[in-house]
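Accompanying notes for the structure given below.
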Amino acid sequence: LDVVRESDVVFAATASKDPILSAKDLQNREQGVMLVDISVPRNIAKDCSEVPNVFSYSVDDLKKVVEANAEKRQSEVVKARELIESEVKRFKTWQASQGAVPYLTALQKMADGIRNAEAEKAAKRLKALEGKEKQAVEKMTRHIVDQIFRPIYYSMKDDEEVEAKRNKISALRDMFNLEPVYKRRRQPSTQTAALPEDRA
């Protein structure tokens, strides 16, 4: 008991079948003490926790701490799993959207071809226009084409199921009878081509 009175922390682990430390042994204690009982059966009586400045913990208390920590870790695991699943889904959707790039490129090429052909037909009627005026007409026709196809470009960026994305790309291909156009790079790159952006 003298050792207990002089200690700040006491661990109890004996083969005794009865408590070896009770509340009466801790009376009139001015300094706080932590009692940790890792024995089964208990070496420290339950009433010790009722004594002022005495903090008593048993194996059951330690189990509760372990269980609480385990539950906390498990909840974090669930959150991490949900986050990973969400990011994997987003990546797959993004990856599927990249399949639209060759067809959007082909669509843009087709639209530019139509625009250029019509511009050539109207060239005779535009002879009276000056350089800046012709540039303005050129810019306007490009802008019209971009405005028409902008909803299609944005639609390919929608956050949706992979299958829905693939069906949308297939519909685009079949609707305009497109053959994919793949842009060649001068040097190998690890970056994936982005969807075509609107031209100024």
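Residues in the structure tokens are named by chain (A, B, ... in the order shown) and by number from 1 within that chain; ligands are numbered from 1 in the order shown.
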### Message
If DSSP is run on the backbone, what residues of range 4-199 of chain A are strand (DSSP E or B)? A reply as a list in words would be ideal.
### Response
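Residues of range 4-199 of chain A classed as strand (DSSP E or B): Val9, Val10, Phe11, Ala12, Leu21, Val33, Met34, Leu35, Val36, Asp37, Ile44, Val54, Phe55, Ser56 and Tyr57 of chain A.
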### Message
What's around Pro19 in chain A at 6 Å? Count only C-alpha atoms, leave out sequence neighbours fewer than 6 positions away in its own chain, and write the answer as a list in words.
### Response
Arg42, Asn43, Ile44 and Ala45 of chain A
Restrict the selected residues to all heavy atoms and save them as a CSV table (one decimal), in the first residue's frame.
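See out-v8.csv below for the written result:
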```csv
chain,number,residue,atom,x,y,z
A,42,ARG,N,-10.9,-9.4,-10.9
A,42,ARG,CA,-10.4,-8.1,-10.5
A,42,ARG,C,-9.5,-8.1,-9.3
A,42,ARG,O,-9.8,-8.8,-8.3
A,42,ARG,CB,-11.5,-7.1,-10.3
A,42,ARG,CG,-12.4,-6.9,-11.5
A,42,ARG,CD,-13.6,-6.0,-11.1
A,42,ARG,NE,-13.2,-4.6,-10.8
A,42,ARG,CZ,-13.4,-3.6,-11.5
A,42,ARG,NH1,-14.2,-3.7,-12.6
A,42,ARG,NH2,-13.0,-2.4,-11.1
A,43,ASN,N,-8.4,-7.3,-9.4
A,43,ASN,CA,-7.5,-7.1,-8.2
A,43,ASN,C,-7.9,-5.8,-7.5
A,43,ASN,O,-7.5,-5.6,-6.3
A,43,ASN,CB,-6.1,-7.0,-8.6
A,43,ASN,CG,-5.5,-8.4,-8.9
A,43,ASN,OD1,-4.4,-8.6,-9.4
A,43,ASN,ND2,-6.3,-9.5,-8.6
A,44,ILE,N,-8.5,-4.9,-8.2
A,44,ILE,CA,-8.9,-3.6,-7.7
A,44,ILE,C,-10.4,-3.5,-7.6
A,44,ILE,O,-11.1,-3.7,-8.6
A,44,ILE,CB,-8.4,-2.4,-8.6
A,44,ILE,CG1,-6.8,-2.5,-8.7
A,44,ILE,CG2,-8.8,-1.1,-8.1
A,44,ILE,CD1,-6.2,-1.5,-9.7
A,45,ALA,N,-10.9,-3.2,-6.4
A,45,ALA,CA,-12.4,-3.2,-6.2
A,45,ALA,C,-13.0,-2.1,-7.0
A,45,ALA,O,-12.4,-1.1,-7.3
A,45,ALA,CB,-12.6,-3.1,-4.7
```
For Asn116 in chain A, work out the shell of residues within 10 Å, counting only C-alpha atoms and skipping chain neighbours fewer than 6 positions away, then give it as a compact mmCIF listing (two decimals) with C-alpha atoms, in the first residue's frame.
```txt
# COMPACT_ATOMS: atom_id res chain seq x y z
CA MET A 110 -17.04 17.56 -91.43
CA ALA A 122 -20.49 32.52 -101.94
CA GLU A 138 -15.16 34.03 -91.60
CA THR A 141 -19.43 31.36 -89.69
CA ARG A 142 -16.94 29.58 -87.44
```
### Query
Which is closer to Asp8 in chain A than all the others in A:Ser22, A:Ser39, A:Thr93, A:Asn53, using only C-alpha atoms?
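So, comparing all the options, the nearest one is A:Asn53.
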### Task
Compile the contact shell of Leu126 in chain A as an MDAnalysis selection string: residues with an atom at most 12 Å away, counting only C-alpha atoms, same-chain residues fewer than 6 positions apart removed.
chainID A and resid 118:120 132:138
Write the residues you've just listed into a file as a PDB file, in the first residue's frame, and include C-alpha atoms for each of them.
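out26.pdb was written with the following content:
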```pdb
ATOM      1  CA  GLU A 118     -20.382  27.049 -98.811  1.00  0.00           C
ATOM      2  CA  ALA A 119     -17.902  29.889 -98.395  1.00  0.00           C
ATOM      3  CA  GLU A 120     -16.372  29.065-101.778  1.00  0.00           C
ATOM      4  CA  LYS A 132     -11.547  42.995 -92.475  1.00  0.00           C
ATOM      5  CA  GLU A 133     -15.121  42.393 -93.564  1.00  0.00           C
ATOM      6  CA  LYS A 134     -14.214  39.000 -95.029  1.00  0.00           C
ATOM      7  CA  GLN A 135     -12.427  38.126 -91.783  1.00  0.00           C
ATOM      8  CA  ALA A 136     -15.536  39.122 -89.854  1.00  0.00           C
ATOM      9  CA  VAL A 137     -17.695  36.857 -92.023  1.00  0.00           C
ATOM     10  CA  GLU A 138     -15.164  34.029 -91.596  1.00  0.00           C
TER      11      GLU A 138
END
```
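A straight line drawn from CA of Ala117 in chain A to CA of Arg173 in chain A is 22.4 Å long.
Of the residues listed (A:Lys72, A:Lys24, A:Lys79, A:Lys168), A:Lys24 shows the shortest atom-to-atom separation from Pro52 in chain A; distances use only C-alpha atoms.
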### Task
Assign secondary structure with DSSP using the backbone only, and return the residues of range 27-181 of chain A in alpha helix (DSSP H) as a VMD selection string.
chain A and resid 59 to 97 101 to 121 131 to 155 162 to 176
### Task
Find the residue from A:Asp47, A:Asp159, A:Glu130, A:Asp112 that sits nearest to Val145 in chain A; use only C-alpha atoms when measuring.
A:Asp112
### Message
If I take CA of Asp2 in chain A and CA of Lys46 in chain A, how far is one from the other in Å, to one decimal?
### Response
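CA of Lys46 in chain A lies 20.3 Å from CA of Asp2 in chain A.
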### Task
Do a neighbour search on Leu35 in chain A at 9 Å with only C-alpha atoms, toss out local chain neighbours closer than 3 positions, and write the hits as a PyMOL selection string.
chain A and resi 8-12+44+48-49+54-58
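In this model, the gap between CA of Val4 in chain A and CA of Asp37 in chain A comes to 13.1 Å.
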